[in-house]
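Peer 1: Have a look at this one.
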Amino acid sequence: MTDLTVNNQTLSSSVQTQEQRQQKVRRLLLAPSLITILIIGVLPLSVVLVYSFLEPGAFGGVKWNFSTNAYVQLFFEADIFDGSLSFTTAYLEIFWRSISLAVMATLGCVLVGFPTAYFIATQPPERRNIFLFLITIPFWTNLLIRTYAMLLILRDEGVINIGLQNIGIIDQAIPLLYTEFAVSLGLIYSFLPFMVLPIYSSMEKFDFRLLEAGFDLYANRLKVLWRIIIPIAKPGIAAGCILVFIPSLGAYITPEVLGGGKSMMIGNLIYSQFGAARNWPFGAAIALILMAVVLISLMVYMRRTGDKGGLSHG
Amino acid sequence: MEQAIKIDTDNQQENSAAIKIEKKITAAIDIKNTTKVYGENTASAMVALDEVSLTINDNEFFTLLGPSGCGKTTLLRLIAGFEQPTKGEIMLFGSHLEGLPPHKRSVNTVFQQYSLFPHMTVAQNIAFGLEMLGKSKGEVNRSVSEVLALVQMEHLAQRKTDQLSGGQQQRVALARALAPHPKVLLLDEPLSALDFKLRKEMQIELKRLQNETGITFIFVTHDQEEALTMSDRIAVLQDGHIMQVGTPHEIYNHPTRRFVADFIGDINILEGELIDKDKTHGKVKLACGIEVEASLPAQSENLNKKVSVAVRPEQLSIGQVNEAGHLTGVISNLIYFGSGSHIDVTFDNGERVTVRQQSNNNGKQDFLINDAVSICFSADSFQILTD
Ligand SMILES: Nc1ncnc2c1ncn2[C@@H]1O[C@H](COP(=O)(O)OP(=O)(O)OP(=O)(O)O)[C@@H](O)[C@H]1O
Ligand SMILES: [Mg+2]
């Protein structure tokens, strides 16, 4: 009897040491990727965080004095003469514009991307790959080049204006370029594949016979769309929205090329702070706030859909 | 209304107009000369239904029976509105269905693969049709729990449908289709995915549901036994044609087409010559020797002289040799299966019949291979077939 318990003990302790050893091995094997993440992820972010609480150097760079000026600057303007602060919406406007343009771009991508993905999903399997391939073609060209191509299309002497003039619908060129419209269009164009692909992947296995079941149960086309197709495509739509919204919010090239000075977005603001304005701490602060906005909106989204099992479904 | 119908049927002879009205009221589905061609005007045009006429009565358990590809699903899809007839018309309780989209037809389908909505719970699935009909929330909830009770699924109301067994999914599909209380319920091989035992259970269940709800069921199967046990009437289809419509008894005992006879159960088909006939019966001289009385099929006007007659193995029995007027032959094969045996008897002319002989009480085997025997049969056992 006693022998047995002793045996059991030694057995369990040897099991424990083996487990510990395994854990050690596991950590060791994970180390390279953990270190990589540390270097490319956490380290630069910490630099940004630290910089945002310093004072700007006269010719760029930072002075190592602690200061919350960068954050105050976002909301308040210092008077040049007496340094007194007054509330300013200049930067908030840029934030607001960025968010609304990103929302527009996301909506536009859903409106164009959903039917596209749906169409591809209805095609016979061998043809689907061709369509998916076509969707990815824009990725082959540099974003800057593609954006300049948009510029050529939208400008006063561009295809659209000349075309409409030739048909006789308009007499004078409509100013399309350097508007918020141009920026949204550019964003939609740039990020559309990020919407189409996840929606397609959620529709890929869709059983189209469910539509007949819907019609059979007295639903008309619109009801079938709202109650059957969209709920099933929802995880894809959600993923697509995240994938479009986030890069749109921080877009730099598109507003730079298509927006002119009037449609500046956060990305351009950050760039100018590190460039011409030589206010690195301010640039760092904006970048961090942008991150916070994204993080908070993602968390709100997760909380809301988490209850209903939105993302996890399918 | 009920009263009026009764009176009308009583006065059938005098009042033919009233009969028409009565017929209109009691026909749940009336299919007239309906043809369906898939891919019309293309090289691969496919005639799935050819000039089909069929009347299905109210409150009937009607079965479409036929081999794969004979057009059963096509017929259901025409009734549900998923396909349009190439020619002909379909009426639902006397009103034309032409041009009416599926969601405006008071007809529900239980799909072969169930097609339950994967993003909804059992209760939400069942509520769907009711909600689309614009029923109030209270009404929807009441109907849902009623129907859930009917199919004994109350305890699983909040489950997602992909967490159900095949039999449970089957019940949900049934409940979903029954909930809006359609005028006609279409069931496309709903039991074919279930295992044998569950299938037997669901057969009884379906029959019960039809009785309790009083809804007309149109049930598709290619299993003849299922059709015989469940149906009030059966239509046997082949290659887009209706071969015979009748009660299970009629279909089994008096098949009028060679195809129907072959398709349903075991049957012996013998060749012979029609030598005489009256309204319902004909006298046939069989190639194997004797003359028998046989029932005539409905359309017997243009029967050839050469005919085939069918007889079920269980309507034959083995007797002593040389009983007068009986078929005589030699036992060529014998299969014993407990309650009886299948005995193959070969005649002089090479034709062969199978006899299903009940076992004797004494348990002794009465016959041996190569015994010369004669075959007894009762009146009305033979049926003349058309092709
Ligand atoms: N959409 C379609 N296009 C072309 N031909 C079709 C189509 N649907 C069915 N058919 C053809 O029509 C014929 C009847 O098909 P249907 O589906 O009605 O058969 P079924 O009796 O239901 O067979 P099963 O028992 O195999 O389900 C078949 O030959 C089939 O190939
Ligand atoms: Mg079928």
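Residue numbering restarts at 1 in every chain; chains get A, B, ... in the order shown in the structure tokens, and ligands count up from 1 in that same order.
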Looking only at strand (DSSP E) from DSSP on the backbone, list the matching residues of region 50-183 of chain B as a list in words.

Peer 2: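 For region 50-183 of chain B, the strand (DSSP E) set is Asp50, Glu51, Val52, Ser53, Leu54, Thr55, Ile56, Asn57, Phe61, Phe62, Thr63, Leu64, Leu65, Lys87, Gly88, Glu89, Ile90, Met91, Leu92, Ser95, His96, Val107, Asn108, Thr109 and Val110 of chain B.
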
Peer 1: Keeping only N, CA, C and O atoms, take the residues you just selected and write them out as a short mmCIF file (atom, residue, chain, number, x, y, z; two decimals), in the first residue's frame.

Peer 2:
data_model
loop_
_atom_site.label_atom_id
_atom_site.label_comp_id
_atom_site.auth_asym_id
_atom_site.auth_seq_id
_atom_site.Cartn_x
_atom_site.Cartn_y
_atom_site.Cartn_z
N ASP B 50 -44.11 16.13 -69.21
CA ASP B 50 -44.72 16.14 -70.53
C ASP B 50 -46.23 16.00 -70.39
O ASP B 50 -46.73 14.93 -70.06
N GLU B 51 -46.95 17.09 -70.59
CA GLU B 51 -48.41 17.06 -70.60
C GLU B 51 -48.98 16.36 -69.38
O GLU B 51 -49.77 15.42 -69.48
N VAL B 52 -48.56 16.82 -68.22
CA VAL B 52 -49.02 16.19 -66.99
C VAL B 52 -50.33 16.81 -66.53
O VAL B 52 -50.46 18.03 -66.47
N SER B 53 -51.32 15.97 -66.25
CA SER B 53 -52.57 16.44 -65.64
C SER B 53 -52.79 15.67 -64.36
O SER B 53 -52.64 14.45 -64.34
N LEU B 54 -53.15 16.41 -63.32
CA LEU B 54 -53.23 15.76 -62.01
C LEU B 54 -54.10 16.60 -61.10
O LEU B 54 -54.00 17.81 -61.08
N THR B 55 -54.99 15.94 -60.38
CA THR B 55 -55.80 16.66 -59.40
C THR B 55 -55.51 16.09 -58.02
O THR B 55 -55.56 14.88 -57.83
N ILE B 56 -55.17 16.97 -57.10
CA ILE B 56 -54.87 16.54 -55.74
C ILE B 56 -55.93 17.13 -54.83
O ILE B 56 -56.18 18.34 -54.86
N ASN B 57 -56.57 16.27 -54.06
CA ASN B 57 -57.71 16.71 -53.26
C ASN B 57 -57.27 17.39 -51.97
O ASN B 57 -56.16 17.18 -51.49
N PHE B 61 -53.14 13.05 -48.36
CA PHE B 61 -51.71 12.74 -48.31
C PHE B 61 -51.38 12.13 -49.66
O PHE B 61 -51.63 10.96 -49.90
N PHE B 62 -50.85 12.96 -50.53
CA PHE B 62 -50.64 12.54 -51.91
C PHE B 62 -49.16 12.33 -52.15
O PHE B 62 -48.34 13.15 -51.76
N THR B 63 -48.81 11.23 -52.79
CA THR B 63 -47.40 10.93 -52.98
C THR B 63 -47.05 10.88 -54.46
O THR B 63 -47.79 10.33 -55.27
N LEU B 64 -45.92 11.52 -54.79
CA LEU B 64 -45.35 11.39 -56.13
C LEU B 64 -44.24 10.37 -56.03
O LEU B 64 -43.28 10.56 -55.29
N LEU B 65 -44.40 9.28 -56.76
CA LEU B 65 -43.45 8.18 -56.67
C LEU B 65 -42.84 7.95 -58.04
O LEU B 65 -43.54 7.94 -59.05
N LYS B 87 -45.76 25.13 -70.48
CA LYS B 87 -47.09 25.07 -71.07
C LYS B 87 -48.03 24.53 -70.00
O LYS B 87 -47.61 23.79 -69.12
N GLY B 88 -49.28 24.92 -70.07
CA GLY B 88 -50.25 24.40 -69.13
C GLY B 88 -50.46 25.31 -67.94
O GLY B 88 -49.84 26.38 -67.86
N GLU B 89 -51.34 24.90 -67.02
CA GLU B 89 -51.60 25.77 -65.89
C GLU B 89 -51.79 24.97 -64.61
O GLU B 89 -52.13 23.79 -64.63
N ILE B 90 -51.53 25.66 -63.50
CA ILE B 90 -51.67 25.04 -62.19
C ILE B 90 -52.59 25.91 -61.35
O ILE B 90 -52.45 27.13 -61.33
N MET B 91 -53.55 25.27 -60.70
CA MET B 91 -54.48 26.01 -59.87
C MET B 91 -54.34 25.56 -58.43
O MET B 91 -54.16 24.37 -58.16
N LEU B 92 -54.43 26.54 -57.52
CA LEU B 92 -54.39 26.25 -56.09
C LEU B 92 -55.76 26.63 -55.53
O LEU B 92 -56.11 27.81 -55.54
N SER B 95 -57.68 28.93 -57.80
CA SER B 95 -57.14 30.18 -58.35
C SER B 95 -55.85 29.91 -59.10
O SER B 95 -55.03 29.07 -58.70
N HIS B 96 -55.69 30.63 -60.20
CA HIS B 96 -54.52 30.42 -61.04
C HIS B 96 -53.24 30.86 -60.33
O HIS B 96 -53.22 31.88 -59.68
N VAL B 107 -48.10 28.14 -50.12
CA VAL B 107 -47.59 26.78 -50.25
C VAL B 107 -46.22 26.80 -49.60
O VAL B 107 -45.44 27.71 -49.84
N ASN B 108 -45.91 25.84 -48.75
CA ASN B 108 -44.59 25.77 -48.15
C ASN B 108 -43.91 24.46 -48.51
O ASN B 108 -44.57 23.47 -48.80
N THR B 109 -42.59 24.50 -48.50
CA THR B 109 -41.82 23.34 -48.90
C THR B 109 -40.93 22.86 -47.76
O THR B 109 -40.32 23.67 -47.07
N VAL B 110 -40.87 21.55 -47.60
CA VAL B 110 -39.84 20.96 -46.76
C VAL B 110 -38.78 20.46 -47.73
O VAL B 110 -39.03 19.55 -48.50
#

Peer 1: Enumerate as a VMD selection string the residues within 10 Å of ligand 1, counting only C-alpha atoms and all ligand atoms.

Peer 2: chain B and resid 36 to 40 44 to 49 64 to 78 83 112 188 to 189 220 to 223 237 to 240

Peer 1: Quick one: of B:Glu225, B:Leu187, B:Leu286, B:Ser381, who's nearest to ligand 2, counting only C-alpha atoms and all ligand atoms?

Peer 2: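 Of the candidates, the smallest distance to ligand 2 is held by B:Leu187.
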
Peer 1: Tell me which of A:Ile40, A:Cys241, A:Ala285, A:Ile230 sits closest to chain B, counting only C-alpha atoms.

Peer 2: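 The answer is A:Ile230, which sits nearest to chain B.
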
Peer 1: Given only C-alpha atoms as the basis, pick out the residue of A:Ala292, A:Leu258, A:Arg304, A:Ala213 nearest to chain B.

Peer 2: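 Nearest candidate to chain B out of A:Ala292, A:Leu258, A:Arg304, A:Ala213: A:Ala213.
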
Peer 1: Separation of CA of Pro175 (chain A) and CA of Ile160 (chain A), in Å?

Peer 2: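 CA of Pro175 (chain A) sits 10.7 Å away from CA of Ile160 (chain A).
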
Peer 1: Which residues, written as a list in words, have at least one atom at most 7 Å from Leu385 (chain B), with only C-alpha atoms counted and residues fewer than 2 positions away on the same chain left out?

Peer 2: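 Neighbouring residues, sequence-local ones excluded: Thr256, Arg257, Arg258, Pro297, Val307, Ser308, Val309, Ala310, Gln383 and Asp387 of chain B.
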
Peer 1: Would you export the selected residues with N, CA, C and O atoms as a PDB file, in the first residue's frame, please?

Peer 2:
ATOM      1  N   THR B 256     -51.682  -0.801 -63.834  1.00  0.00           N
ATOM      2  CA  THR B 256     -52.201  -0.881 -65.199  1.00  0.00           C
ATOM      3  C   THR B 256     -51.097  -0.745 -66.237  1.00  0.00           C
ATOM      4  O   THR B 256     -51.313  -1.002 -67.402  1.00  0.00           O
ATOM      5  N   ARG B 257     -49.909  -0.293 -65.816  1.00  0.00           N
ATOM      6  CA  ARG B 257     -48.815  -0.147 -66.779  1.00  0.00           C
ATOM      7  C   ARG B 257     -47.706  -1.093 -66.392  1.00  0.00           C
ATOM      8  O   ARG B 257     -47.475  -1.374 -65.217  1.00  0.00           O
ATOM      9  N   ARG B 258     -47.022  -1.535 -67.387  1.00  0.00           N
ATOM     10  CA  ARG B 258     -45.915  -2.439 -67.161  1.00  0.00           C
ATOM     11  C   ARG B 258     -44.884  -1.819 -66.215  1.00  0.00           C
ATOM     12  O   ARG B 258     -44.367  -2.469 -65.308  1.00  0.00           O
ATOM     13  N   PRO B 297     -57.152  -2.606 -67.769  1.00  0.00           N
ATOM     14  CA  PRO B 297     -56.819  -1.240 -67.359  1.00  0.00           C
ATOM     15  C   PRO B 297     -57.889  -0.273 -67.843  1.00  0.00           C
ATOM     16  O   PRO B 297     -58.736  -0.640 -68.659  1.00  0.00           O
ATOM     17  N   VAL B 307     -51.024  -9.380 -75.139  1.00  0.00           N
ATOM     18  CA  VAL B 307     -50.991  -8.577 -73.911  1.00  0.00           C
ATOM     19  C   VAL B 307     -50.067  -9.213 -72.872  1.00  0.00           C
ATOM     20  O   VAL B 307     -49.691 -10.380 -72.986  1.00  0.00           O
ATOM     21  N   SER B 308     -49.708  -8.372 -71.880  1.00  0.00           N
ATOM     22  CA  SER B 308     -48.983  -8.900 -70.728  1.00  0.00           C
ATOM     23  C   SER B 308     -49.946  -8.890 -69.547  1.00  0.00           C
ATOM     24  O   SER B 308     -50.729  -7.953 -69.396  1.00  0.00           O
ATOM     25  N   VAL B 309     -49.885  -9.923 -68.728  1.00  0.00           N
ATOM     26  CA  VAL B 309     -50.676  -9.904 -67.503  1.00  0.00           C
ATOM     27  C   VAL B 309     -49.739 -10.028 -66.313  1.00  0.00           C
ATOM     28  O   VAL B 309     -48.685 -10.652 -66.399  1.00  0.00           O
ATOM     29  N   ALA B 310     -50.142  -9.371 -65.225  1.00  0.00           N
ATOM     30  CA  ALA B 310     -49.289  -9.357 -64.038  1.00  0.00           C
ATOM     31  C   ALA B 310     -50.004 -10.055 -62.899  1.00  0.00           C
ATOM     32  O   ALA B 310     -51.230  -9.991 -62.788  1.00  0.00           O
ATOM     33  N   GLN B 383     -53.906  -9.044 -63.722  1.00  0.00           N
ATOM     34  CA  GLN B 383     -54.153  -7.688 -64.197  1.00  0.00           C
ATOM     35  C   GLN B 383     -53.507  -7.536 -65.575  1.00  0.00           C
ATOM     36  O   GLN B 383     -52.334  -7.877 -65.752  1.00  0.00           O
ATOM     37  N   ASP B 387     -48.382  -0.859 -72.058  1.00  0.00           N
ATOM     38  CA  ASP B 387     -46.964  -0.479 -71.978  1.00  0.00           C
ATOM     39  C   ASP B 387     -46.807   0.967 -71.534  1.00  0.00           C
ATOM     40  O   ASP B 387     -47.710   1.748 -71.598  1.00  0.00           O
TER      41      ASP B 387
END

Peer 1: Tell me the residues of chain A close to chain B, meaning within 12 Å using only C-alpha atoms, as a count of residues only.

Peer 2: 36

Peer 1: Tell me, in Å to one decimal, how far CA of Leu198 (chain B) is from CA of Lys160 (chain B).

Peer 2: 21.4 Å

Peer 1: To one decimal place, how far is CA of Phe93 (chain B) from CA of Asp30 (chain B) in Å?

Peer 2: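 Going from CA of Phe93 (chain B) over to CA of Asp30 (chain B), I get 7.8 Å.
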
Peer 1: Listing only residues of region 90-160 of chain A within 6 Å of region 176-199 of chain A, what is the closest atom pair and its distance in Å (to one decimal) for each, using only C-alpha atoms, sorted by chain and residue number ascending, as JSON lines?

Peer 2:
{"residue": "A:Leu101", "atom": "CA", "partner": "A:Ser184", "partner_atom": "CA", "distance": 5.9}
{"residue": "A:Ala105", "atom": "CA", "partner": "A:Ile188", "partner_atom": "CA", "distance": 5.1}
{"residue": "A:Cys109", "atom": "CA", "partner": "A:Leu192", "partner_atom": "CA", "distance": 5.4}
{"residue": "A:Gly113", "atom": "CA", "partner": "A:Val196", "partner_atom": "CA", "distance": 4.8}
{"residue": "A:Ala117", "atom": "CA", "partner": "A:Val196", "partner_atom": "CA", "distance": 5.3}
{"residue": "A:Leu154", "atom": "CA", "partner": "A:Leu177", "partner_atom": "CA", "distance": 5.5}
{"residue": "A:Arg155", "atom": "CA", "partner": "A:Leu177", "partner_atom": "CA", "distance": 5.3}

Peer 1: For the residues in the current selection, export C-alpha atoms as a short mmCIF file (atom, residue, chain, number, x, y, z; two decimals), in the first residue's frame.

Peer 2:
data_model
loop_
_atom_site.label_atom_id
_atom_site.label_comp_id
_atom_site.auth_asym_id
_atom_site.auth_seq_id
_atom_site.Cartn_x
_atom_site.Cartn_y
_atom_site.Cartn_z
CA LEU A 101 -13.76 60.45 -45.07
CA ALA A 105 -14.71 55.25 -47.94
CA CYS A 109 -16.43 50.00 -50.29
CA GLY A 113 -17.68 45.47 -52.64
CA ALA A 117 -18.27 39.65 -53.76
CA LEU A 154 -10.45 63.34 -62.27
CA ARG A 155 -8.69 66.53 -63.30
#

Peer 1: Just the helix (DSSP H, G or I) stuff from region 38-185 of chain A, please, per backbone DSSP, written as JSON, numbers by chain.

Peer 2: {"A": [38, 39, 40, 41, 42, 43, 44, 45, 46, 47, 48, 49, 50, 51, 52, 69, 70, 71, 72, 73, 74, 75, 90, 91, 92, 93, 94, 95, 96, 97, 98, 99, 100, 101, 102, 103, 104, 105, 106, 107, 108, 109, 110, 111, 112, 113, 114, 115, 116, 117, 118, 119, 120, 121, 122, 125, 126, 127, 128, 129, 130, 131, 132, 133, 134, 135, 136, 137, 138, 139, 140, 143, 144, 145, 146, 147, 148, 149, 150, 151, 152, 153, 154, 159, 160, 161, 162, 163, 164, 165, 166, 167, 180, 181, 182, 183, 184, 185]}

Peer 1: Env of Gly57 (chain A): 9 Å cut, atoms = only C-alpha atoms, seq-sep filter 3 positions within chain, self excluded. Answer as a short mmCIF file (atom, residue, chain, number, x, y, z; two decimals) with C-alpha atoms, in the first residue's frame.

Peer 2:
data_model
loop_
_atom_site.label_atom_id
_atom_site.label_comp_id
_atom_site.auth_asym_id
_atom_site.auth_seq_id
_atom_site.Cartn_x
_atom_site.Cartn_y
_atom_site.Cartn_z
CA GLY A 60 13.52 69.02 -35.81
CA GLY A 61 14.18 66.32 -33.30
CA VAL A 62 13.40 66.77 -29.62
CA LYS A 63 14.66 68.52 -26.52
CA TRP A 64 14.74 66.18 -23.53
CA ARG A 278 9.45 70.55 -37.24
CA ASN A 279 7.29 69.67 -34.30
CA TRP A 280 8.10 66.04 -33.62
#
